[in-house]
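Peer 1: What follows is coords.pdb, made up of PDB, C-alpha atoms and all ligand atoms:
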```
ATOM      1  CA  MET K   1     -49.429  30.549   5.564
ATOM      2  CA  THR K   2     -46.667  27.977   6.026
ATOM      3  CA  SER K   3     -47.932  24.592   7.146
ATOM      4  CA  GLN K   4     -46.004  23.037  10.031
ATOM      5  CA  PRO K   5     -45.544  19.249  10.280
ATOM      6  CA  ARG K   6     -47.765  17.695  12.940
ATOM      7  CA  PRO K   7     -45.888  16.579  16.077
ATOM      8  CA  GLY K   8     -44.763  12.997  15.548
ATOM      9  CA  ALA K   9     -45.254  13.182  11.767
ATOM     10  CA  VAL K  10     -42.604  11.386   9.701
ATOM     11  CA  ARG K  11     -40.743  13.743   7.373
ATOM     12  CA  ALA K  12     -40.269  12.682   3.773
ATOM     13  CA  VAL K  13     -36.591  11.881   3.148
ATOM     14  CA  SER K  14     -35.194  13.057  -0.138
ATOM     15  CA  GLN K  15     -33.971  10.155  -2.252
ATOM     16  CA  THR K  16     -31.406  10.434  -4.980
ATOM     17  CA  GLU K  17     -30.343   8.156  -7.805
ATOM     18  CA  PHE K  18     -26.766   7.825  -8.990
ATOM     19  CA  THR K  19     -24.225   5.263 -10.138
ATOM     20  CA  LEU K  20     -21.198   4.277  -8.099
ATOM     21  CA  ARG K  21     -18.260   2.907 -10.058
ATOM     22  CA  VAL K  22     -16.276   0.787  -7.635
ATOM     23  CA  ASN K  23     -13.273  -1.403  -8.422
ATOM     24  CA  GLY K  24     -14.278  -1.550 -12.083
ATOM     25  CA  GLY K  25     -17.950  -2.440 -11.460
ATOM     26  CA  GLU K  26     -21.017  -0.197 -11.885
ATOM     27  CA  TYR K  27     -23.672  -0.008  -9.180
ATOM     28  CA  PRO K  28     -26.850   2.017  -9.733
ATOM     29  CA  LEU K  29     -28.181   3.142  -6.359
ATOM     30  CA  ARG K  30     -31.218   4.933  -4.981
ATOM     31  CA  THR K  31     -30.554   6.214  -1.476
ATOM     32  CA  ASP K  32     -31.258   8.953   1.016
ATOM     33  CA  ALA K  33     -29.212  11.899  -0.284
ATOM     34  CA  ARG K  34     -27.392  12.069   3.080
ATOM     35  CA  VAL K  35     -25.871   8.573   2.866
ATOM     36  CA  THR K  36     -22.086   8.629   3.087
ATOM     37  CA  LEU K  37     -19.828   6.812   0.675
ATOM     38  CA  LEU K  38     -18.649   4.691   3.617
ATOM     39  CA  ASP K  39     -22.168   3.496   4.445
ATOM     40  CA  ALA K  40     -23.017   2.932   0.770
ATOM     41  CA  LEU K  41     -19.910   0.796   0.293
ATOM     42  CA  ARG K  42     -20.447  -1.265   3.437
ATOM     43  CA  ASP K  43     -24.224  -1.491   3.739
ATOM     44  CA  ARG K  44     -25.391  -1.316   0.129
ATOM     45  CA  LEU K  45     -22.535  -2.951  -1.798
ATOM     46  CA  GLY K  46     -21.301  -5.312   0.928
ATOM     47  CA  LEU K  47     -17.718  -4.026   0.608
ATOM     48  CA  THR K  48     -16.875  -4.262   4.298
ATOM     49  CA  GLY K  49     -13.112  -4.089   3.823
ATOM     50  CA  THR K  50     -13.385  -0.319   4.285
ATOM     51  CA  LYS K  51     -13.726   0.195   8.022
ATOM     52  CA  LYS K  52     -15.770   2.586  10.138
ATOM     53  CA  GLY K  53     -13.732   3.834  13.074
ATOM     54  CA  CYS K  54     -14.701   7.294  14.288
ATOM     55  CA  ASP K  55     -17.214   8.167  11.517
ATOM     56  CA  GLN K  56     -16.148  11.803  11.881
ATOM     57  CA  GLY K  57     -12.951  12.227   9.913
ATOM     58  CA  THR K  58     -10.282  11.697  12.527
ATOM     59  CA  CYS K  59      -9.026   8.086  12.280
ATOM     60  CA  GLY K  60      -8.442   7.277   8.585
ATOM     61  CA  ALA K  61      -9.931   3.761   8.824
ATOM     62  CA  CYS K  62     -12.386   4.605   6.039
ATOM     63  CA  THR K  63      -9.774   5.788   3.497
ATOM     64  CA  VAL K  64     -10.534   4.916  -0.140
ATOM     65  CA  HIS K  65      -9.474   6.431  -3.451
ATOM     66  CA  VAL K  66     -11.744   8.520  -5.652
ATOM     67  CA  ASP K  67     -10.329   9.302  -9.087
ATOM     68  CA  GLY K  68      -6.910   8.204  -7.805
ATOM     69  CA  LYS K  69      -6.859  10.497  -4.746
ATOM     70  CA  ARG K  70      -7.300   9.301  -1.184
ATOM     71  CA  ILE K  71     -10.371  10.571   0.629
ATOM     72  CA  LEU K  72     -12.197   9.849   3.872
ATOM     73  CA  SER K  73     -15.338   8.016   2.847
ATOM     74  CA  CYS K  74     -17.100   8.873   6.135
ATOM     75  CA  LEU K  75     -16.937  12.577   5.196
ATOM     76  CA  THR K  76     -17.974  12.095   1.556
ATOM     77  CA  LEU K  77     -21.547  11.763   0.354
ATOM     78  CA  ALA K  78     -22.087   8.743  -1.866
ATOM     79  CA  ALA K  79     -24.040  10.870  -4.348
ATOM     80  CA  GLN K  80     -20.982  13.143  -4.765
ATOM     81  CA  CYS K  81     -19.193  10.171  -6.308
ATOM     82  CA  ASP K  82     -21.703   9.722  -9.110
ATOM     83  CA  GLY K  83     -19.768   8.423 -12.120
ATOM     84  CA  ARG K  84     -16.381   8.828 -10.432
ATOM     85  CA  GLU K  85     -13.860   5.994 -10.057
ATOM     86  CA  VAL K  86     -13.848   4.591  -6.517
ATOM     87  CA  THR K  87     -11.200   2.099  -5.417
ATOM     88  CA  THR K  88     -11.476   0.207  -2.138
ATOM     89  CA  ILE K  89      -9.168  -2.314  -0.516
ATOM     90  CA  GLU K  90     -11.090  -5.076  -2.334
ATOM     91  CA  GLY K  91      -9.838  -3.573  -5.601
ATOM     92  CA  VAL K  92      -6.182  -3.616  -4.554
ATOM     93  CA  GLY K  93      -5.479  -7.323  -4.281
ATOM     94  CA  ASP K  94      -6.833 -10.572  -2.948
ATOM     95  CA  GLU K  95      -5.534 -13.537  -1.016
ATOM     96  CA  SER K  96      -4.144 -15.236  -4.100
ATOM     97  CA  ASN K  97      -2.732 -12.078  -5.632
ATOM     98  CA  LEU K  98      -1.572  -9.585  -3.026
ATOM     99  CA  HIS K  99      -0.379  -6.121  -3.986
ATOM    100  CA  PRO K 100       3.311  -5.457  -3.103
ATOM    101  CA  VAL K 101       2.198  -3.039  -0.372
ATOM    102  CA  GLN K 102       0.060  -5.779   1.179
ATOM    103  CA  GLU K 103       2.993  -8.205   0.914
ATOM    104  CA  SER K 104       5.182  -5.662   2.642
ATOM    105  CA  PHE K 105       2.688  -5.155   5.496
ATOM    106  CA  LEU K 106       2.690  -8.930   6.013
ATOM    107  CA  LYS K 107       6.479  -9.143   5.890
ATOM    108  CA  HIS K 108       6.963  -6.333   8.413
ATOM    109  CA  ASP K 109       4.041  -7.190  10.733
ATOM    110  CA  GLY K 110       2.466  -3.842   9.891
ATOM    111  CA  PHE K 111      -0.681  -4.665  11.864
ATOM    112  CA  GLN K 112      -1.973  -6.381  14.956
ATOM    113  CA  CYS K 113      -5.793  -6.476  15.099
ATOM    114  CA  GLY K 114      -5.931  -5.351  11.467
ATOM    115  CA  TYR K 115      -8.863  -2.944  11.864
ATOM    116  CA  CYS K 116      -6.949   0.099  10.637
ATOM    117  CA  THR K 117      -5.034  -1.826   7.977
ATOM    118  CA  PRO K 118      -7.267  -1.302   4.910
ATOM    119  CA  GLY K 119      -7.139   2.455   5.504
ATOM    120  CA  GLN K 120      -3.396   2.341   6.142
ATOM    121  CA  ILE K 121      -2.830   0.498   2.870
ATOM    122  CA  MET K 122      -5.037   2.839   0.843
ATOM    123  CA  SER K 123      -3.126   5.808   2.266
ATOM    124  CA  ALA K 124       0.211   4.082   1.682
ATOM    125  CA  LEU K 125      -0.651   3.512  -1.972
ATOM    126  CA  ALA K 126      -1.471   7.194  -2.359
ATOM    127  CA  LEU K 127       1.746   8.250  -0.639
ATOM    128  CA  ILE K 128       3.883   6.068  -2.851
ATOM    129  CA  SER K 129       2.209   7.240  -6.038
ATOM    130  CA  GLU K 130       2.624  10.877  -4.931
ATOM    131  CA  GLY K 131       6.348  10.309  -4.286
ATOM    132  CA  ARG K 132       5.972  11.124  -0.578
ATOM    133  CA  ALA K 133       7.414   7.926   0.868
ATOM    134  CA  GLY K 134      11.093   8.807   0.638
ATOM    135  CA  THR K 135      12.092   8.823   4.315
ATOM    136  CA  PRO K 136      10.576   7.526   7.568
ATOM    137  CA  GLU K 137       9.926  11.156   8.622
ATOM    138  CA  GLU K 138       8.073  11.881   5.390
ATOM    139  CA  ILE K 139       6.051   8.671   5.684
ATOM    140  CA  ARG K 140       5.140   9.462   9.292
ATOM    141  CA  GLU K 141       4.027  12.951   8.350
ATOM    142  CA  TYR K 142       1.879  11.926   5.386
ATOM    143  CA  MET K 143       0.433   8.892   7.207
ATOM    144  CA  SER K 144      -0.438  10.960  10.278
ATOM    145  CA  GLY K 145      -4.148  10.893   9.434
ATOM    146  CA  ASN K 146      -4.259   7.120   9.845
ATOM    147  CA  ILE K 147      -4.533   6.131  13.506
ATOM    148  CA  CYS K 148      -3.528   2.677  14.735
ATOM    149  CA  ARG K 149      -4.835   1.880  18.205
ATOM    150  CA  CYS K 150      -2.524  -1.135  18.362
ATOM    151  CA  GLY K 151       0.499   1.116  17.888
ATOM    152  CA  ALA K 152       2.003  -0.745  14.940
ATOM    153  CA  TYR K 153       3.420   2.502  13.586
ATOM    154  CA  GLN K 154       7.070   1.508  13.413
ATOM    155  CA  ASN K 155       6.303  -1.574  11.344
ATOM    156  CA  ILE K 156       3.832   0.293   9.152
ATOM    157  CA  VAL K 157       6.522   2.838   8.291
ATOM    158  CA  ALA K 158       9.000   0.050   7.524
ATOM    159  CA  ALA K 159       6.465  -1.719   5.309
ATOM    160  CA  ILE K 160       5.725   1.428   3.335
ATOM    161  CA  GLN K 161       9.371   2.352   2.971
ATOM    162  CA  GLU K 162      10.248  -1.055   1.574
ATOM    163  CA  ALA K 163       7.232  -1.124  -0.726
ATOM    164  CA  ALA K 164       8.270   2.274  -2.053
ATOM    165  CA  GLY K 165      11.616   0.789  -3.068
ATOM    166  CA  HIS K 166      13.747   1.932  -0.153
ATOM    167  CA  ASP K 167      15.490  -0.016   2.597
ATOM    168  CA  ALA K 168      13.089  -0.958   5.342
ATOM    169  CA  ALA K 169      14.138   0.671   8.593
ATOM    170  CA  LEU K 170      13.064  -1.292  11.653
TER     171      LEU K 170
HETATM  172  S1  LIG Z 201     -14.155   6.454  10.003
HETATM  173 FE1  LIG Z 201     -13.627   7.992   8.583
HETATM  174  S2  LIG Z 201     -11.955   9.024   9.491
HETATM  175 FE2  LIG Z 201     -12.602   7.596  11.014
HETATM  176  S1  LIG Z 202      -3.574  -2.916  13.802
HETATM  177 FE1  LIG Z 202      -5.102  -2.669  15.340
HETATM  178  S2  LIG Z 202      -5.725  -0.598  15.053
HETATM  179 FE2  LIG Z 202      -4.026  -0.796  13.758
END
```
Would you put the structure from the file into structure tokens?

Peer 2:
Amino acid sequence: MTSQPRPGAVRAVSQTEFTLRVNGGEYPLRTDARVTLLDALRDRLGLTGTKKGCDQGTCGACTVHVDGKRILSCLTLAAQCDGREVTTIEGVGDESNLHPVQESFLKHDGFQCGYCTPGQIMSALALISEGRAGTPEEIREYMSGNICRCGAYQNIVAAIQEAAGHDAAL
């Protein structure tokens, strides 16, 4: 006979142990197996540069790289990244040593409130390394998963185009 949990009983949550490798550091973690990479980065490692927008895969604010490919960290379980190489915006540059893409976003005013910007930059880096930042049309297409509520799209495209080594079209 299968025993049913009593009404109101607290179910045991399955915990899992794994190691996140983020921006060159190693972080052993023990978490609920359902914890997303986004929540692990923000709540467990204090890496709040990666933003939570929709938390359901539609805005791109949570974009990070795993093994050099961009992914949505709100749709990825942290435990799936065991031993893989995670890069967040904190691993791209800092105030005293900005990455050229960050410089270009500053130069072209590629943001207003800045909430979407970490995700935009992580996607832009992927685009450039994949050779998909050749024209404004191409940039718009491959950046279409990154939503900007402030509507800074024109400047974002210009920033990416210049960072990719092309003339910035404003
Ligand atoms: S927070 Fe992940 S896509 Fe919006
Ligand atoms: S700069 Fe505000 S959402 Fe993009």

Peer 1: Taking all atoms listed in the file into account, report as a ChimeraX atom specification which residues have an atom no farther than 12 Å from an atom of ligand LIG 201 (chain Z).

Peer 2: /K:36-39,42,50-64,70-76,115-116,118-120,123,144-148

Peer 1: Write to file, as an mmCIF file, in the frame of the given file, the residues of the selection just made, with C-alpha atoms.

Peer 2:
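What follows is the written file result-v3.cif:
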```
data_model
loop_
_atom_site.group_PDB
_atom_site.id
_atom_site.type_symbol
_atom_site.label_atom_id
_atom_site.label_comp_id
_atom_site.auth_asym_id
_atom_site.auth_seq_id
_atom_site.Cartn_x
_atom_site.Cartn_y
_atom_site.Cartn_z
ATOM 1 C CA THR K 36 -22.086 8.629 3.087
ATOM 2 C CA LEU K 37 -19.828 6.812 0.675
ATOM 3 C CA LEU K 38 -18.649 4.691 3.617
ATOM 4 C CA ASP K 39 -22.168 3.496 4.445
ATOM 5 C CA ARG K 42 -20.447 -1.265 3.437
ATOM 6 C CA THR K 50 -13.385 -0.319 4.285
ATOM 7 C CA LYS K 51 -13.726 0.195 8.022
ATOM 8 C CA LYS K 52 -15.770 2.586 10.138
ATOM 9 C CA GLY K 53 -13.732 3.834 13.074
ATOM 10 C CA CYS K 54 -14.701 7.294 14.288
ATOM 11 C CA ASP K 55 -17.214 8.167 11.517
ATOM 12 C CA GLN K 56 -16.148 11.803 11.881
ATOM 13 C CA GLY K 57 -12.951 12.227 9.913
ATOM 14 C CA THR K 58 -10.282 11.697 12.527
ATOM 15 C CA CYS K 59 -9.026 8.086 12.280
ATOM 16 C CA GLY K 60 -8.442 7.277 8.585
ATOM 17 C CA ALA K 61 -9.931 3.761 8.824
ATOM 18 C CA CYS K 62 -12.386 4.605 6.039
ATOM 19 C CA THR K 63 -9.774 5.788 3.497
ATOM 20 C CA VAL K 64 -10.534 4.916 -0.140
ATOM 21 C CA ARG K 70 -7.300 9.301 -1.184
ATOM 22 C CA ILE K 71 -10.371 10.571 0.629
ATOM 23 C CA LEU K 72 -12.197 9.849 3.872
ATOM 24 C CA SER K 73 -15.338 8.016 2.847
ATOM 25 C CA CYS K 74 -17.100 8.873 6.135
ATOM 26 C CA LEU K 75 -16.937 12.577 5.196
ATOM 27 C CA THR K 76 -17.974 12.095 1.556
ATOM 28 C CA TYR K 115 -8.863 -2.944 11.864
ATOM 29 C CA CYS K 116 -6.949 0.099 10.637
ATOM 30 C CA PRO K 118 -7.267 -1.302 4.910
ATOM 31 C CA GLY K 119 -7.139 2.455 5.504
ATOM 32 C CA GLN K 120 -3.396 2.341 6.142
ATOM 33 C CA SER K 123 -3.126 5.808 2.266
ATOM 34 C CA SER K 144 -0.438 10.960 10.278
ATOM 35 C CA GLY K 145 -4.148 10.893 9.434
ATOM 36 C CA ASN K 146 -4.259 7.120 9.845
ATOM 37 C CA ILE K 147 -4.533 6.131 13.506
ATOM 38 C CA CYS K 148 -3.528 2.677 14.735
#
```

Peer 1: For ligand LIG 202 (chain Z), which residue out of K:Leu47, K:Ile121, K:Val101, K:Ala152 is the nearest one, using only C-alpha atoms and all ligand atoms?

Peer 2: K:Ala152

Peer 1: Per residue of chain K within 6 Å of ligand LIG 202 (chain Z), what are the shortest atom pair and its distance in Å to one decimal, counting all atoms listed in the file, with rows by chain and residue number, as a Markdown table?

Peer 2:
```
| residue | atom | partner | partner_atom | distance |
| --- | --- | --- | --- | --- |
| K:Phe111 | CA | Z:LIG202 | S1 | 3.9 |
| K:Gln112 | CA | Z:LIG202 | S1 | 4.0 |
| K:Cys113 | CA | Z:LIG202 | FE1 | 3.9 |
| K:Gly114 | CA | Z:LIG202 | S1 | 4.1 |
| K:Tyr115 | CA | Z:LIG202 | S2 | 5.1 |
| K:Cys116 | CA | Z:LIG202 | FE2 | 4.4 |
| K:Thr117 | CA | Z:LIG202 | FE2 | 6.0 |
| K:Cys148 | CA | Z:LIG202 | FE2 | 3.6 |
| K:Arg149 | CA | Z:LIG202 | S2 | 4.1 |
| K:Cys150 | CA | Z:LIG202 | FE1 | 4.3 |
```

Peer 1: Can you tell me how far CA of Val86 (chain K) sits from CA of Gly24 (chain K), in Å to one decimal?

Peer 2: 8.3 Å

Peer 1: CA of Val22 (chain K) and CA of Glu90 (chain K) are how many Å apart?

Peer 2: 9.5 Å

Peer 1: Just the residues within 8 Å of Ile128 (chain K), please, counting only C-alpha atoms, with nothing from its chain fewer than 5 positions along; format it as a list in words.

Peer 2: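 Selected residues are Ala133, Ile160 and Ala164 of chain K.
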
Peer 1: Written as a list in words, what is the full residue list that the PyMOL selection byres (((chain K and resi 103) around 12) and not hetatm) yields on the file shown?

Peer 2: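 With the PyMOL selection byres (((chain K and resi 103) around 12) and not hetatm) on this model, the match is Val92, Gly93, Asp94, Glu95, Ser96, Asn97, Leu98, His99, Pro100, Val101, Gln102, Ser104, Phe105, Leu106, Lys107, His108, Asp109, Gly110, Ile121, Ile156, Ala159, Ile160, Glu162 and Ala163 of chain K.
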
Peer 1: Do you have the CA of Ser14 (chain K)-CA of Gly46 (chain K) distance handy?

Peer 2: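 One can read the CA of Ser14 (chain K) to CA of Gly46 (chain K) distance as 23.1 Å.
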
Peer 1: Taking the file as shown, what set of residues would the PyMOL selection byres (((chain K and resi 29) around 7) and not hetatm) give back, as a PyMOL selection string?

Peer 2: chain K and resi 17-19+27-28+30-31

Peer 1: Nearest to Ala79 (chain K) among K:Asp32, K:Glu137, K:Asp67, K:Asp43, with distances taken over all atoms listed in the file: which residue is it?

Peer 2: K:Asp32

Peer 1: Just checking: using all atoms listed in the file, which residue out of K:Gly151, K:Gly25, K:Gly49, K:Gly165 ends up closest to Arg84 (chain K)?

Peer 2: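 Of the candidates, the smallest distance to Arg84 (chain K) is held by K:Gly25.
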
Peer 1: Edge lengths and centre in Å to one decimal, as JSON, of the axis-aligned box that encloses all listed atoms of region 46-50 of chain K with 4 Å added on every side?

Peer 2:
```
{"center_x": -17.2, "center_y": -2.8, "center_z": 2.5, "size_x": 16.2, "size_y": 13.0, "size_z": 11.7}
```

Peer 1: Going by the chain IDs and residue numbers used in this file, which residues fall under the PyMOL selection byres (((chain K and resi 134) around 12) and not hetatm)? Write them as a PyMOL selection string.

Peer 2: chain K and resi 124+127-133+135-142+157-158+160-169

Peer 1: Got a sec to write region 147-158 of chain K of the block to a file, all heavy atoms, as a compact mmCIF listing (two decimals), in the first residue's frame?

Peer 2:
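The resulting file, part_32.txt, is shown below:
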```txt
# COMPACT_ATOMS: atom_id res chain seq x y z
N ILE K 147 15.21 42.03 -24.80
CA ILE K 147 14.21 43.11 -24.79
C ILE K 147 14.74 44.30 -23.99
O ILE K 147 15.37 44.12 -22.94
CB ILE K 147 12.90 42.62 -24.14
CG1 ILE K 147 12.40 41.33 -24.82
CG2 ILE K 147 11.82 43.70 -24.17
CD1 ILE K 147 12.13 41.46 -26.28
N CYS K 148 14.49 45.50 -24.50
CA CYS K 148 14.85 46.71 -23.77
C CYS K 148 13.58 47.55 -23.61
O CYS K 148 13.08 48.11 -24.57
CB CYS K 148 15.91 47.51 -24.53
SG CYS K 148 16.29 49.09 -23.75
N ARG K 149 13.09 47.61 -22.39
CA ARG K 149 11.85 48.37 -22.14
C ARG K 149 12.05 49.85 -22.37
O ARG K 149 11.10 50.58 -22.61
CB ARG K 149 11.38 48.14 -20.70
CG ARG K 149 10.71 46.82 -20.51
CD ARG K 149 10.35 46.63 -19.04
NE ARG K 149 9.67 45.37 -18.86
CZ ARG K 149 8.35 45.23 -18.84
NH1 ARG K 149 7.59 46.28 -19.03
NH2 ARG K 149 7.80 44.06 -18.66
N CYS K 150 13.29 50.33 -22.27
CA CYS K 150 13.56 51.75 -22.49
C CYS K 150 13.65 52.08 -23.98
O CYS K 150 13.74 53.26 -24.34
CB CYS K 150 14.86 52.16 -21.80
SG CYS K 150 14.83 51.95 -20.03
N GLY K 151 13.71 51.07 -24.82
CA GLY K 151 13.73 51.31 -26.26
C GLY K 151 15.04 51.87 -26.78
O GLY K 151 15.05 52.67 -27.72
N ALA K 152 16.15 51.43 -26.19
CA ALA K 152 17.46 51.95 -26.63
C ALA K 152 18.01 51.17 -27.81
O ALA K 152 19.22 51.18 -28.07
CB ALA K 152 18.44 51.90 -25.46
N TYR K 153 17.14 50.53 -28.57
CA TYR K 153 17.59 49.59 -29.59
C TYR K 153 18.54 50.20 -30.63
O TYR K 153 19.55 49.60 -30.99
CB TYR K 153 16.38 48.97 -30.32
CG TYR K 153 15.54 48.11 -29.43
CD1 TYR K 153 14.25 48.49 -29.08
CD2 TYR K 153 16.04 46.92 -28.92
CE1 TYR K 153 13.48 47.69 -28.24
CE2 TYR K 153 15.27 46.13 -28.08
CZ TYR K 153 13.99 46.52 -27.75
OH TYR K 153 13.23 45.74 -26.92
N GLN K 154 18.21 51.37 -31.10
CA GLN K 154 19.04 51.97 -32.16
C GLN K 154 20.48 52.15 -31.68
O GLN K 154 21.44 51.86 -32.40
CB GLN K 154 18.44 53.32 -32.57
CG GLN K 154 19.09 53.90 -33.80
CD GLN K 154 18.37 55.15 -34.29
OE1 GLN K 154 17.23 55.40 -33.91
NE2 GLN K 154 19.02 55.91 -35.12
N ASN K 155 20.63 52.61 -30.46
CA ASN K 155 21.97 52.85 -29.93
C ASN K 155 22.68 51.54 -29.58
O ASN K 155 23.91 51.44 -29.69
CB ASN K 155 21.89 53.76 -28.71
CG ASN K 155 21.39 55.14 -29.08
OD1 ASN K 155 21.08 55.41 -30.24
ND2 ASN K 155 21.30 56.03 -28.11
N ILE K 156 21.91 50.55 -29.17
CA ILE K 156 22.50 49.24 -28.89
C ILE K 156 23.09 48.66 -30.17
O ILE K 156 24.21 48.15 -30.19
CB ILE K 156 21.43 48.28 -28.29
CG1 ILE K 156 21.07 48.74 -26.87
CG2 ILE K 156 21.93 46.84 -28.29
CD1 ILE K 156 19.85 48.04 -26.28
N VAL K 157 22.32 48.76 -31.26
CA VAL K 157 22.81 48.23 -32.55
C VAL K 157 24.08 48.97 -32.97
O VAL K 157 25.07 48.35 -33.40
CB VAL K 157 21.71 48.35 -33.62
CG1 VAL K 157 22.26 48.04 -35.02
CG2 VAL K 157 20.55 47.41 -33.30
N ALA K 158 24.07 50.29 -32.81
CA ALA K 158 25.26 51.08 -33.18
C ALA K 158 26.47 50.68 -32.34
O ALA K 158 27.59 50.55 -32.85
CB ALA K 158 24.96 52.57 -33.01
```
